[in-house]
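S.K.: Structure provided below as structure tokens; questions to follow.
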Amino acid sequence: MDVTRRTLMAGAAGAVASPAMASWQGASAARSEEPLLDGLMPLDALPDPLEVEEPGCIRVGTGWRFHEGDSAMASLRTHDETYLAAKAGAARGAAAIDYDDSAWPVVDLPHDWAIRQPFDRNANVDQGYKPRGIGWYRRSFTLDDGDRGRKLELRFGGIATHATIWVNGSVVARNWSGYNAIAVDITPFARFGPDEPNIVAVRVDAEAMEGWWYEGAGLYRHVTLAKRPAVSILTDGVHCDPRHDGDDRWRVPVTATLENIGDASQRVTVAAVLRDPEGREVARGERSGAIGPLARAELALTLSLRAPARWSPEHPTLYRLEVTATSSAGVDTRRIAIGFRTIRFDAERGFFLNEQPVKLKGVCLHQDHAGVGTAVPDSLLEWRLRRMKDVGVNAIRCTHNAQADAFYALCDRMGFLVMDENRQFNPAPDHLAELEWLVRAHRNHPSIILWSVFNEEPMQGTRAGREMVRRMAAAVRMLDDSRPITAAMNGGLYAPENVSQAIDVMGFNYQTGEYDKFHASNPRLPSTSSEDTSAFMTRGAYRTDRAAHVMSSMDDEAADWGATHRNAWAMIAERPYLAGGFVWTGFDYHGEPTPFEWPTISSFFGILDLCGFAKTAYDIRRAQWIDHRPVIGIAPHWTWPGRNGEMLDILVTSNVERVRLMLNGTLVGEQACDRVRGCAFKLAYAPGEITAIGLRGGSEVVRTAHRTAGPPVALRLLPARMVMRADGEDLIPVTIHAVDAAGRHVPIAQHAVTLRIAGGAIAGLGNGDPNSHEPAQGDRRSLFNGLAQALVRAGPGGKRLVLTASASGLADGNTAIRLV
């Protein structure tokens, strides 16, 4: 079969690309010989490491002890017991310094204990029928005597959900959301020297739920320990978002917020050096000032330059800003990737990036993955975003909460436009602090183009809702005045007082029938679809069977409030005033199994399934969204034993002028191509090869084909990469599938597979079946409609990892991954 080679040249044509671009842009360089495995072929190179921690930060990911369930405390009875329990450093039970946790198992972070639970029909449906409950974590560490006088800070990237944190027997923080980072100054509580261990204890209450989706449980993001000079820059204390002054003149206002934990006033100098993608210095500035003991101060300066290379999804060019604060206490440094781009939302013409019109081809994403739940390592997150690039996505909405630090760094590097979304619609102090954290933490990222303050709130069409948004929007603008504010509205659009009156960009959730009416009523308010589609598909299934909780992947099933992939995009594409749209969703996710309940345990909405395997929506969206190369897809597969002569519906999707359909070398038909809705054919099934050919100017430019597979005879393994880091963190998805005697993928195989691994460990398993109750950990997983996935991690000290898959009646499959 002559399959056109595909390239994703995000940094091509002589553009100045970010240094990491080459490590991922080849991910989709070649289309698989089997279209159902498109985008899953192995890479031969490592992605460049992410720098998401500041200099002086140590990732504290190993050696945590974990206890599932609460830890009972003995009742206080005597006066002395009661008196002492009320004092600092005198925590009791599992928070106590001398508590014996030796019987607790050791776990590594990120850690989601909920994904390891069996499915329970009595558990919450939206949490994927996974019990959550309460858990405890403890860890000890020592500090050198040389760390005295330094500022010491523990940073928890995310704890699901409510958390109380103790250090050396004292409560140091409480947190009420599973999605914001928690920075804890442990300096006053620290102990020093090899014989004085510091004890961190965390009680996690995951009974609390913030969302109607799977949220995981535990310390599911990274934890770091920062050691800084006594005069240092605050966490998230640098604001350096570039501004355009016209005529290709740019400035980078740099504001550093400093603090001094010392006993005396200090003189401090803040220096900022801007480097281009090749590391050359292009601007420099500095500012000095004084800061008192236990005080904070801001020092601001401005860098100027002309004609920097612009950041865009096609050319995500990143510069690096190095900010240092120097005093007699030492030097504190931050390195921040920034990008030069302009953004503008126009009420009549949509979204402009660098003054060029760009349609937002977006997806909504939750943060969990098959096998690991919400504890998604950075390397798996990078792979998931590559899969979105495969689809043609240029925009991502963080639904409905902040994501991990690595997500934003990857979006900057890979070229995604991001709507960053707040979790709690509430301007009360605790929740306003969460919103302010989100803006401070993310406002330097060039990928972010919108702040969203809520999603589908019942108060959106009331005076109270408008007043709440006014306060939240004011808090955002105090911290960042460069990006507009939106809200995802699904009602209340025409109420006399509603939240659209307090935002900069209207966000429509499933209001397709209101697009034109609202635009006519509010002609000066820019707008976008903030959430659309909600179509149902079971990957690899092409007939709906509601009794079996199976939904056809032929794009003919959608929620009552939503639309199919073809209809939803048609409504957006034909309206220039709409900036774009965000499909619900890019990936399936655990929980919210609409339109079903038990035994279904995950969603059907994704363009890709829980493992990142493609549904028919993958080819539909590629045809709609990819402009720079010809693409073509065909559904369904062509292996239908026992159905000879049966009439089948065929959907061909492409972005070319015309498509031609062939069966076993005979012309079935030719049609003008509708890249939004595709081309429909009907023909009788006959084994062999069905081929779709894309034409431009009468010449073939792209083709794809499905061949009828015979009985499976062997397993085959396809790792995402052929090389991985043996650092305990790198993780690689491995696709498991069955092939026939000719090596053809068998899309109907459902075999139970057993795995063996040497040189590493299996971190999780999945197969994309929304009805599967097989455990996420272990060494066994069934193929679902031909596919399963193992997530593997390397062990220490080895040269290679070998994974072997076995199934009854089939030859073993194996793969060897080189370790570096």
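Residues are referred to by chain and number: the chain letter is A, B, ... according to the order shown in the structure tokens, the number counts from 1 in that chain, and ligands are numbered separately from 1 in the order shown.
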Where in segment 558-635 of chain A does DSSP assign helix (DSSP H, G or I), given as a VMD selection string?
M.R.: chain A and resid 565 to 573 616 to 625
S.K.: Filtering to N, CA and C atoms, could you give me those residues as an mmCIF file, in the first residue's frame?
M.R.:
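What ended up in result_39.cif:
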data_model
loop_
_atom_site.group_PDB
_atom_site.id
_atom_site.type_symbol
_atom_site.label_atom_id
_atom_site.label_comp_id
_atom_site.auth_asym_id
_atom_site.auth_seq_id
_atom_site.Cartn_x
_atom_site.Cartn_y
_atom_site.Cartn_z
ATOM 1 N N HIS A 565 -19.421 15.372 16.014
ATOM 2 C CA HIS A 565 -18.200 16.100 15.675
ATOM 3 C C HIS A 565 -18.374 16.906 14.397
ATOM 4 N N ARG A 566 -19.113 16.361 13.442
ATOM 5 C CA ARG A 566 -19.295 17.062 12.172
ATOM 6 C C ARG A 566 -20.251 18.237 12.307
ATOM 7 N N ASN A 567 -21.335 18.032 12.995
ATOM 8 C CA ASN A 567 -22.301 19.123 13.133
ATOM 9 C C ASN A 567 -21.769 20.243 14.025
ATOM 10 N N ALA A 568 -21.066 19.881 15.081
ATOM 11 C CA ALA A 568 -20.567 20.907 16.008
ATOM 12 C C ALA A 568 -19.571 21.829 15.316
ATOM 13 N N TRP A 569 -18.631 21.246 14.557
ATOM 14 C CA TRP A 569 -17.633 22.098 13.909
ATOM 15 C C TRP A 569 -18.234 22.900 12.764
ATOM 16 N N ALA A 570 -19.222 22.345 12.082
ATOM 17 C CA ALA A 570 -19.877 23.102 11.011
ATOM 18 C C ALA A 570 -20.447 24.400 11.547
ATOM 19 N N MET A 571 -21.049 24.359 12.717
ATOM 20 C CA MET A 571 -21.634 25.559 13.312
ATOM 21 C C MET A 571 -20.575 26.600 13.649
ATOM 22 N N ILE A 572 -19.386 26.160 13.980
ATOM 23 C CA ILE A 572 -18.308 27.077 14.363
ATOM 24 C C ILE A 572 -17.555 27.574 13.136
ATOM 25 N N ALA A 573 -17.239 26.658 12.226
ATOM 26 C CA ALA A 573 -16.405 27.006 11.075
ATOM 27 C C ALA A 573 -17.058 28.053 10.187
ATOM 28 N N THR A 616 -12.924 7.067 15.543
ATOM 29 C CA THR A 616 -13.208 7.676 14.240
ATOM 30 C C THR A 616 -13.114 9.195 14.308
ATOM 31 N N ALA A 617 -13.408 9.765 15.474
ATOM 32 C CA ALA A 617 -13.323 11.220 15.639
ATOM 33 C C ALA A 617 -11.927 11.747 15.330
ATOM 34 N N TYR A 618 -10.913 10.926 15.516
ATOM 35 C CA TYR A 618 -9.534 11.320 15.211
ATOM 36 C C TYR A 618 -9.413 11.720 13.743
ATOM 37 N N ASP A 619 -9.909 10.888 12.840
ATOM 38 C CA ASP A 619 -9.823 11.207 11.413
ATOM 39 C C ASP A 619 -10.779 12.322 11.015
ATOM 40 N N ILE A 620 -11.933 12.397 11.671
ATOM 41 C CA ILE A 620 -12.868 13.497 11.389
ATOM 42 C C ILE A 620 -12.217 14.831 11.712
ATOM 43 N N ARG A 621 -11.628 14.923 12.885
ATOM 44 C CA ARG A 621 -11.030 16.193 13.301
ATOM 45 C C ARG A 621 -9.773 16.518 12.511
ATOM 46 N N ARG A 622 -8.996 15.525 12.139
ATOM 47 C CA ARG A 622 -7.814 15.802 11.312
ATOM 48 C C ARG A 622 -8.229 16.407 9.979
ATOM 49 N N ALA A 623 -9.288 15.884 9.403
ATOM 50 C CA ALA A 623 -9.766 16.444 8.137
ATOM 51 C C ALA A 623 -10.240 17.878 8.318
ATOM 52 N N GLN A 624 -10.886 18.163 9.434
ATOM 53 C CA GLN A 624 -11.411 19.507 9.687
ATOM 54 C C GLN A 624 -10.306 20.500 10.031
ATOM 55 N N TRP A 625 -9.264 20.051 10.694
ATOM 56 C CA TRP A 625 -8.326 20.965 11.342
ATOM 57 C C TRP A 625 -6.944 21.057 10.709
#
S.K.: Excluding Gly697 of chain A and any residue of its chain fewer than 5 positions from it, enumerate the residues within 12 Å of it, using only C-alpha atoms, and give them as JSON, numbers by chain.
M.R.: {"A": [656, 657, 658, 659, 672]}
S.K.: Those selected residues, please, written with N, CA, C and O atoms and delivered as a PDB file, in the first residue's frame.
M.R.:
ATOM      1  N   VAL A 656      -9.029  17.124   1.216  1.00  0.00           N
ATOM      2  CA  VAL A 656      -8.685  17.325  -0.193  1.00  0.00           C
ATOM      3  C   VAL A 656      -9.931  17.723  -0.981  1.00  0.00           C
ATOM      4  O   VAL A 656     -11.002  17.917  -0.425  1.00  0.00           O
ATOM      5  N   GLU A 657      -9.788  17.815  -2.326  1.00  0.00           N
ATOM      6  CA  GLU A 657     -10.910  18.252  -3.161  1.00  0.00           C
ATOM      7  C   GLU A 657     -11.907  17.131  -3.426  1.00  0.00           C
ATOM      8  O   GLU A 657     -13.121  17.331  -3.376  1.00  0.00           O
ATOM      9  N   ARG A 658     -11.376  15.951  -3.727  1.00  0.00           N
ATOM     10  CA  ARG A 658     -12.243  14.829  -4.054  1.00  0.00           C
ATOM     11  C   ARG A 658     -11.668  13.557  -3.430  1.00  0.00           C
ATOM     12  O   ARG A 658     -10.454  13.464  -3.184  1.00  0.00           O
ATOM     13  N   VAL A 659     -12.548  12.604  -3.159  1.00  0.00           N
ATOM     14  CA  VAL A 659     -12.101  11.306  -2.646  1.00  0.00           C
ATOM     15  C   VAL A 659     -12.665  10.207  -3.541  1.00  0.00           C
ATOM     16  O   VAL A 659     -13.779  10.300  -4.079  1.00  0.00           O
ATOM     17  N   ALA A 672     -17.026  14.739  -4.492  1.00  0.00           N
ATOM     18  CA  ALA A 672     -16.411  15.967  -3.987  1.00  0.00           C
ATOM     19  C   ALA A 672     -16.332  15.856  -2.474  1.00  0.00           C
ATOM     20  O   ALA A 672     -17.253  15.368  -1.819  1.00  0.00           O
TER      21      ALA A 672
END
S.K.: Using only C-alpha atoms, which protein or nucleic acid residues come within 8 Å of Val702 of chain A? Drop anything in the same chain fewer than 2 positions from it, and give the result as a ChimeraX atom specification.
M.R.: /A:3-4,630-632,693-695,700,704
S.K.: Take the residues from that selection and put them in a file with N, CA, C and O atoms, as a compact mmCIF listing (two decimals), in the first residue's frame.
M.R.:
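Okay, this is what ended up in again-v5.txt:
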# COMPACT_ATOMS: atom_id res chain seq x y z
N VAL A 3 1.28 4.51 1.18
CA VAL A 3 0.76 5.42 2.18
C VAL A 3 1.59 6.69 2.18
O VAL A 3 2.81 6.65 2.33
N THR A 4 0.96 7.82 1.99
CA THR A 4 1.68 9.10 1.98
C THR A 4 2.33 9.34 3.34
O THR A 4 1.73 9.17 4.38
N PRO A 630 -2.05 16.95 3.18
CA PRO A 630 -3.26 16.17 2.93
C PRO A 630 -3.39 15.03 3.92
O PRO A 630 -2.39 14.37 4.26
N VAL A 631 -4.60 14.81 4.40
CA VAL A 631 -4.88 13.70 5.31
C VAL A 631 -6.14 12.99 4.82
O VAL A 631 -6.98 13.57 4.13
N ILE A 632 -6.26 11.72 5.20
CA ILE A 632 -7.44 10.96 4.82
C ILE A 632 -7.65 9.84 5.82
O ILE A 632 -6.68 9.30 6.37
N ILE A 693 -8.74 7.21 -1.59
CA ILE A 693 -7.72 7.98 -2.28
C ILE A 693 -8.16 9.44 -2.31
O ILE A 693 -9.30 9.75 -2.66
N GLY A 694 -7.26 10.33 -1.90
CA GLY A 694 -7.54 11.76 -1.93
C GLY A 694 -6.93 12.41 -3.15
O GLY A 694 -5.76 12.16 -3.49
N LEU A 695 -7.73 13.26 -3.83
CA LEU A 695 -7.31 13.89 -5.07
C LEU A 695 -7.29 15.41 -4.95
O LEU A 695 -8.19 16.00 -4.34
N GLU A 700 -3.64 12.11 -7.39
CA GLU A 700 -3.63 11.52 -6.05
C GLU A 700 -2.59 12.22 -5.20
O GLU A 700 -1.43 12.39 -5.60
N THR A 704 -5.24 5.90 2.02
CA THR A 704 -5.19 5.03 3.19
C THR A 704 -6.01 3.79 2.85
O THR A 704 -6.82 3.80 1.92
S.K.: Fewer than 2 positions away in the same chain doesn't count, so skip those; otherwise give me all residues within 7 Å of segment 106-122 of chain A, counting only C-alpha atoms, as a PyMOL selection string.
M.R.: chain A and resi 61-66+104+124+129-132+216-222+372-375+598+773+775-777
S.K.: For His737 of chain A, list every protein, DNA or RNA residue within 12 Å, evaluated using only C-alpha atoms, and leave out those in the same chain fewer than 6 positions away; present the list as JSON, numbers by chain.
M.R.: {"A": [34, 36, 37, 40, 613, 712, 713, 714, 715, 716, 717, 718, 719, 743, 744, 745, 746, 747, 748, 749, 750, 751, 752, 753, 767, 781, 782, 783, 784, 785, 786, 787, 788, 789, 790, 805, 806, 807, 810, 811, 812, 813, 814]}
S.K.: Using only C-alpha atoms, find the one residue out of A:Leu417, A:Ala705, A:Cys611, A:Cys240 that sits nearest to Phe352 of chain A.
M.R.: A:Leu417
S.K.: Report as a PyMOL selection string all protein, DNA and RNA residues lying within 12 Å of Leu610 of chain A, evaluated on only C-alpha atoms, omitting residues in the same chain fewer than 6 positions from it.
M.R.: chain A and resi 365-373+384+537-539+585-591+601-604+765-772+776+784+787-789
S.K.: Give the answer as one residue: which of A:Ala295, A:Leu321, A:Val238, A:Ala473 has the shortest atom-to-atom distance to Gly279 of chain A, using only C-alpha atoms?
M.R.: A:Leu321
S.K.: Based on DSSP run over this structure's backbone, return all residues of segment 530-779 of chain A in strand (DSSP E), as a ChimeraX atom specification.
M.R.: /A:530-533,580-584,632-635,647-654,658-663,666-672,679-684,689-696,699-707,714-719,723-724,731-739,752-758,760-766
S.K.: Applying 9 Å and only C-alpha atoms, which residues near Asp236 of chain A remain after dropping the ones on its own chain fewer than 5 positions away? List them as a list in words.
M.R.: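 Here the answer would be Thr257, Trp437, Arg440, Ala441 and His442 of chain A.
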S.K.: Given the selection you just returned, output its residues as a file containing all heavy atoms, formatted as a PDB file, in the first residue's frame.
M.R.:
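Produced file result_13.pdb, reproduced below:
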ATOM      1  N   THR A 257       9.359  40.014  43.122  1.00  0.00           N
ATOM      2  CA  THR A 257       8.918  40.187  44.506  1.00  0.00           C
ATOM      3  C   THR A 257       9.885  39.422  45.399  1.00  0.00           C
ATOM      4  O   THR A 257      10.070  38.212  45.240  1.00  0.00           O
ATOM      5  CB  THR A 257       7.490  39.668  44.697  1.00  0.00           C
ATOM      6  OG1 THR A 257       6.627  40.334  43.772  1.00  0.00           O
ATOM      7  CG2 THR A 257       7.009  39.927  46.117  1.00  0.00           C
ATOM      8  N   TRP A 437      -3.592  32.534  42.971  1.00  0.00           N
ATOM      9  CA  TRP A 437      -2.450  31.647  42.772  1.00  0.00           C
ATOM     10  C   TRP A 437      -2.348  31.223  41.310  1.00  0.00           C
ATOM     11  O   TRP A 437      -1.263  31.236  40.710  1.00  0.00           O
ATOM     12  CB  TRP A 437      -2.580  30.384  43.645  1.00  0.00           C
ATOM     13  CG  TRP A 437      -1.659  29.314  43.159  1.00  0.00           C
ATOM     14  CD1 TRP A 437      -0.325  29.185  43.426  1.00  0.00           C
ATOM     15  CD2 TRP A 437      -1.987  28.263  42.235  1.00  0.00           C
ATOM     16  NE1 TRP A 437       0.200  28.122  42.727  1.00  0.00           N
ATOM     17  CE2 TRP A 437      -0.796  27.540  41.998  1.00  0.00           C
ATOM     18  CE3 TRP A 437      -3.160  27.869  41.598  1.00  0.00           C
ATOM     19  CZ2 TRP A 437      -0.763  26.431  41.137  1.00  0.00           C
ATOM     20  CZ3 TRP A 437      -3.126  26.787  40.741  1.00  0.00           C
ATOM     21  CH2 TRP A 437      -1.946  26.073  40.520  1.00  0.00           C
ATOM     22  N   ARG A 440      -0.888  34.122  39.238  1.00  0.00           N
ATOM     23  CA  ARG A 440       0.530  34.360  39.542  1.00  0.00           C
ATOM     24  C   ARG A 440       1.407  33.240  38.998  1.00  0.00           C
ATOM     25  O   ARG A 440       2.493  33.473  38.469  1.00  0.00           O
ATOM     26  CB  ARG A 440       0.742  34.495  41.047  1.00  0.00           C
ATOM     27  CG  ARG A 440       0.332  35.810  41.646  1.00  0.00           C
ATOM     28  CD  ARG A 440       0.957  35.990  43.033  1.00  0.00           C
ATOM     29  NE  ARG A 440       0.790  34.803  43.858  1.00  0.00           N
ATOM     30  CZ  ARG A 440      -0.267  34.556  44.627  1.00  0.00           C
ATOM     31  NH1 ARG A 440      -1.265  35.429  44.658  1.00  0.00           N
ATOM     32  NH2 ARG A 440      -0.341  33.468  45.349  1.00  0.00           N
ATOM     33  N   ALA A 441       0.952  32.008  39.139  1.00  0.00           N
ATOM     34  CA  ALA A 441       1.774  30.864  38.757  1.00  0.00           C
ATOM     35  C   ALA A 441       1.926  30.724  37.254  1.00  0.00           C
ATOM     36  O   ALA A 441       2.928  30.184  36.775  1.00  0.00           O
ATOM     37  CB  ALA A 441       1.181  29.585  39.350  1.00  0.00           C
ATOM     38  N   HIS A 442       0.949  31.215  36.475  1.00  0.00           N
ATOM     39  CA  HIS A 442       0.925  30.892  35.052  1.00  0.00           C
ATOM     40  C   HIS A 442       1.011  32.100  34.124  1.00  0.00           C
ATOM     41  O   HIS A 442       1.037  31.929  32.904  1.00  0.00           O
ATOM     42  CB  HIS A 442      -0.365  30.117  34.737  1.00  0.00           C
ATOM     43  CG  HIS A 442      -0.533  28.874  35.541  1.00  0.00           C
ATOM     44  ND1 HIS A 442      -1.767  28.315  35.817  1.00  0.00           N
ATOM     45  CD2 HIS A 442       0.390  28.072  36.137  1.00  0.00           C
ATOM     46  CE1 HIS A 442      -1.601  27.224  36.556  1.00  0.00           C
ATOM     47  NE2 HIS A 442      -0.306  27.068  36.755  1.00  0.00           N
TER      48      HIS A 442
END
S.K.: Please compute the atom CA of Asp649 of chain A-atom CA of Asp560 of chain A distance, one decimal, in Å.
M.R.: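 That distance, rounded to one decimal, is 23.7 Å.
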S.K.: Between A:Val583, A:Ala347, A:Ala614, A:Ile634, which has the minimum distance to Val505 of chain A (counting only C-alpha atoms)?
M.R.: A:Ala347
S.K.: So, with only C-alpha atoms as the atoms that count, which of A:Gly292, A:Pro711, A:Pro796, A:Gly133 lies closest to Glu729 of chain A?
M.R.: A:Pro796
